[in-house]
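Notes follow once the structure below has been shown.
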Amino acid sequence: MTDVPNTAEPNVRELAEVPAVEVITRAAVMMMSAAAEKLGLSSEDPDDSPHRDLDEARRLITALAGLVTASAEYLGPHAGPVRDGLKTLQLAFREASAVPDDPGHGPGEKYTGPVW
């Protein structure tokens, strides 16, 4: 029988050792990044971005709003910046939409309230 070498990096932490606030924050940052891509914000001209997909952006922003709203009390000093990032995405979505949603009906606004 042969031994299988341990190929894991020595600095990789076990999931059980990662604090919940870090897991939540990392998930939020990933969702923010994905939503920004779907809004075309990484392109010089978002309107011409090949990655622009407002339907996908709406889903990501709504899921992010649910996560942020449900976990805000646990985020401590991270809550403000995460909320600011969410609001920025909501406003960018409104600006990108050919026919913007009514206030209170945009992505995630059922969790955050209207965003102007």
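Residue numbering restarts at 1 in every chain; chains get A, B, ... in the order shown in the structure tokens, and ligands count up from 1 in that same order.
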I'd like the neighbourhood of Ala36 in chain A as a compact mmCIF listing (two decimals) with N, CA and C atoms, in the first residue's frame, where a residue qualifies if any of its atoms comes within 8 Å (using only C-alpha atoms), though same-chain residues fewer than 4 positions away should be ignored.
# COMPACT_ATOMS: atom_id res chain seq x y z
N MET A 32 -20.95 40.38 -4.25
CA MET A 32 -20.79 41.74 -4.74
C MET A 32 -19.96 41.75 -6.03
N GLY A 40 -21.67 44.79 -15.61
CA GLY A 40 -20.71 45.30 -16.58
C GLY A 40 -19.76 46.32 -16.02
N LEU A 41 -19.68 46.42 -14.69
CA LEU A 41 -18.89 47.47 -14.06
C LEU A 41 -17.39 47.30 -14.20
N SER A 42 -16.94 46.13 -14.61
CA SER A 42 -15.50 45.94 -14.78
C SER A 42 -15.03 46.39 -16.17
N ALA A 57 -27.74 39.81 -12.48
CA ALA A 57 -27.36 40.82 -11.48
C ALA A 57 -28.48 40.99 -10.46
N LEU A 89 -24.44 48.77 -5.53
CA LEU A 89 -24.89 47.85 -6.58
C LEU A 89 -26.36 48.08 -6.92
Practice item. List the neighbours of Gly76 in chain A out to 12 Å using only C-alpha atoms; skip same-chain residues closer than 5 positions along the sequence, and give me the result as a list in words. Key: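 These residues fall inside the cut-off: Ala20, Val21, Glu22, Ile24, Thr25, Val68, Ser71, Pro81, Val82 and Arg83 of chain A.
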Save out the residues we just selected, N, CA, C and O atoms, as a short mmCIF file (atom, residue, chain, number, x, y, z; two decimals), in the first residue's frame.
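To be explicit, this is the file written out as part15.cif:
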data_model
loop_
_atom_site.label_atom_id
_atom_site.label_comp_id
_atom_site.auth_asym_id
_atom_site.auth_seq_id
_atom_site.Cartn_x
_atom_site.Cartn_y
_atom_site.Cartn_z
N ALA A 20 -17.43 32.56 11.78
CA ALA A 20 -18.64 32.77 10.98
C ALA A 20 -18.64 34.12 10.29
O ALA A 20 -19.03 34.23 9.12
N VAL A 21 -18.19 35.17 10.98
CA VAL A 21 -18.19 36.51 10.38
C VAL A 21 -17.31 36.53 9.13
O VAL A 21 -17.63 37.20 8.15
N GLU A 22 -16.24 35.79 9.13
CA GLU A 22 -15.36 35.74 7.96
C GLU A 22 -16.03 34.99 6.81
O GLU A 22 -15.94 35.41 5.65
N ILE A 24 -19.28 34.72 6.29
CA ILE A 24 -20.36 35.58 5.80
C ILE A 24 -19.79 36.73 4.97
O ILE A 24 -20.29 37.03 3.87
N THR A 25 -18.73 37.36 5.46
CA THR A 25 -18.13 38.48 4.74
C THR A 25 -17.56 38.04 3.41
O THR A 25 -17.73 38.72 2.39
N VAL A 68 -27.13 40.08 3.81
CA VAL A 68 -26.70 41.24 4.60
C VAL A 68 -27.74 41.56 5.68
O VAL A 68 -27.39 41.81 6.84
N SER A 71 -27.72 38.90 8.46
CA SER A 71 -26.49 38.75 9.24
C SER A 71 -25.90 40.05 9.76
O SER A 71 -24.84 40.03 10.40
N PRO A 81 -19.56 48.85 5.66
CA PRO A 81 -19.02 48.73 4.31
C PRO A 81 -19.78 47.74 3.43
O PRO A 81 -19.95 47.99 2.23
N VAL A 82 -20.25 46.65 4.01
CA VAL A 82 -21.00 45.67 3.22
C VAL A 82 -22.33 46.29 2.78
O VAL A 82 -22.74 46.14 1.62
N ARG A 83 -23.00 46.98 3.68
CA ARG A 83 -24.26 47.67 3.32
C ARG A 83 -24.01 48.72 2.24
O ARG A 83 -24.81 48.88 1.33
#
Review point. Which value, in Å to one decimal, gives the distance between CA of Phe93 in chain A and CA of Arg26 in chain A?
Key: 21.8 Å
Exercise for review: Excluding His105 in chain A and residues on its chain fewer than 6 positions from it, collect all residues at most 12 Å away from it, counting only C-alpha atoms, and give them as a VMD selection string.
Suggested key: chain A and resid 58 62 90 93 to 94 111 to 116
Could you write out the selected residues, including N, CA, C and O atoms, as a PDB file, in the first residue's frame?
ATOM      1  N   ARG A  58     -29.722  41.032 -10.924  1.00  0.00           N
ATOM      2  CA  ARG A  58     -30.868  41.171 -10.016  1.00  0.00           C
ATOM      3  C   ARG A  58     -30.877  40.031  -8.999  1.00  0.00           C
ATOM      4  O   ARG A  58     -31.082  40.248  -7.805  1.00  0.00           O
ATOM      5  N   THR A  62     -30.307  40.604  -4.982  1.00  0.00           N
ATOM      6  CA  THR A  62     -31.383  40.220  -4.062  1.00  0.00           C
ATOM      7  C   THR A  62     -30.867  39.223  -3.030  1.00  0.00           C
ATOM      8  O   THR A  62     -31.157  39.352  -1.827  1.00  0.00           O
ATOM      9  N   GLN A  90     -27.173  48.318  -5.916  1.00  0.00           N
ATOM     10  CA  GLN A  90     -28.594  48.578  -6.174  1.00  0.00           C
ATOM     11  C   GLN A  90     -28.759  49.838  -7.029  1.00  0.00           C
ATOM     12  O   GLN A  90     -29.568  49.859  -7.965  1.00  0.00           O
ATOM     13  N   PHE A  93     -27.628  49.154 -10.558  1.00  0.00           N
ATOM     14  CA  PHE A  93     -28.649  48.388 -11.280  1.00  0.00           C
ATOM     15  C   PHE A  93     -29.739  49.325 -11.785  1.00  0.00           C
ATOM     16  O   PHE A  93     -30.157  49.248 -12.938  1.00  0.00           O
ATOM     17  N   ARG A  94     -30.190  50.214 -10.919  1.00  0.00           N
ATOM     18  CA  ARG A  94     -31.244  51.168 -11.299  1.00  0.00           C
ATOM     19  C   ARG A  94     -30.780  52.008 -12.494  1.00  0.00           C
ATOM     20  O   ARG A  94     -31.518  52.227 -13.442  1.00  0.00           O
ATOM     21  N   TYR A 111     -35.832  43.678   1.153  1.00  0.00           N
ATOM     22  CA  TYR A 111     -35.067  43.448   2.372  1.00  0.00           C
ATOM     23  C   TYR A 111     -34.477  44.734   2.935  1.00  0.00           C
ATOM     24  O   TYR A 111     -34.335  44.875   4.143  1.00  0.00           O
ATOM     25  N   THR A 112     -34.095  45.657   2.053  1.00  0.00           N
ATOM     26  CA  THR A 112     -33.387  46.860   2.494  1.00  0.00           C
ATOM     27  C   THR A 112     -34.248  48.106   2.551  1.00  0.00           C
ATOM     28  O   THR A 112     -33.841  49.101   3.127  1.00  0.00           O
ATOM     29  N   GLY A 113     -35.407  48.054   1.911  1.00  0.00           N
ATOM     30  CA  GLY A 113     -36.207  49.251   1.744  1.00  0.00           C
ATOM     31  C   GLY A 113     -35.774  49.964   0.476  1.00  0.00           C
ATOM     32  O   GLY A 113     -34.784  49.592  -0.153  1.00  0.00           O
ATOM     33  N   PRO A 114     -36.516  50.996   0.070  1.00  0.00           N
ATOM     34  CA  PRO A 114     -36.210  51.708  -1.178  1.00  0.00           C
ATOM     35  C   PRO A 114     -34.822  52.324  -1.171  1.00  0.00           C
ATOM     36  O   PRO A 114     -34.336  52.785  -0.144  1.00  0.00           O
ATOM     37  N   VAL A 115     -34.199  52.307  -2.341  1.00  0.00           N
ATOM     38  CA  VAL A 115     -32.874  52.897  -2.514  1.00  0.00           C
ATOM     39  C   VAL A 115     -32.978  53.952  -3.594  1.00  0.00           C
ATOM     40  O   VAL A 115     -33.515  53.719  -4.667  1.00  0.00           O
ATOM     41  N   TRP A 116     -32.503  55.169  -3.272  1.00  0.00           N
ATOM     42  CA  TRP A 116     -32.503  56.258  -4.243  1.00  0.00           C
ATOM     43  C   TRP A 116     -31.126  56.720  -4.517  1.00  0.00           C
ATOM     44  O   TRP A 116     -30.270  56.797  -3.757  1.00  0.00           O
TER      45      TRP A 116
END
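Note that the spacing between CA of Ala34 in chain A and CA of Lys87 in chain A amounts to 14.9 Å.
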Point to revise | Counting only C-alpha atoms, the residue of A:Glu73, A:Asp48, A:Glu109, A:Glu14 that sits nearest Ala96 in chain A | key: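 Among the listed residues, A:Asp48 lies closest to Ala96 in chain A.
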Practice item. May I ask which of the residues A:Asp84, A:Asp47, A:Glu56, A:Glu37 is the closest one to Pro107 in chain A, counting only C-alpha atoms? Key: A:Glu56
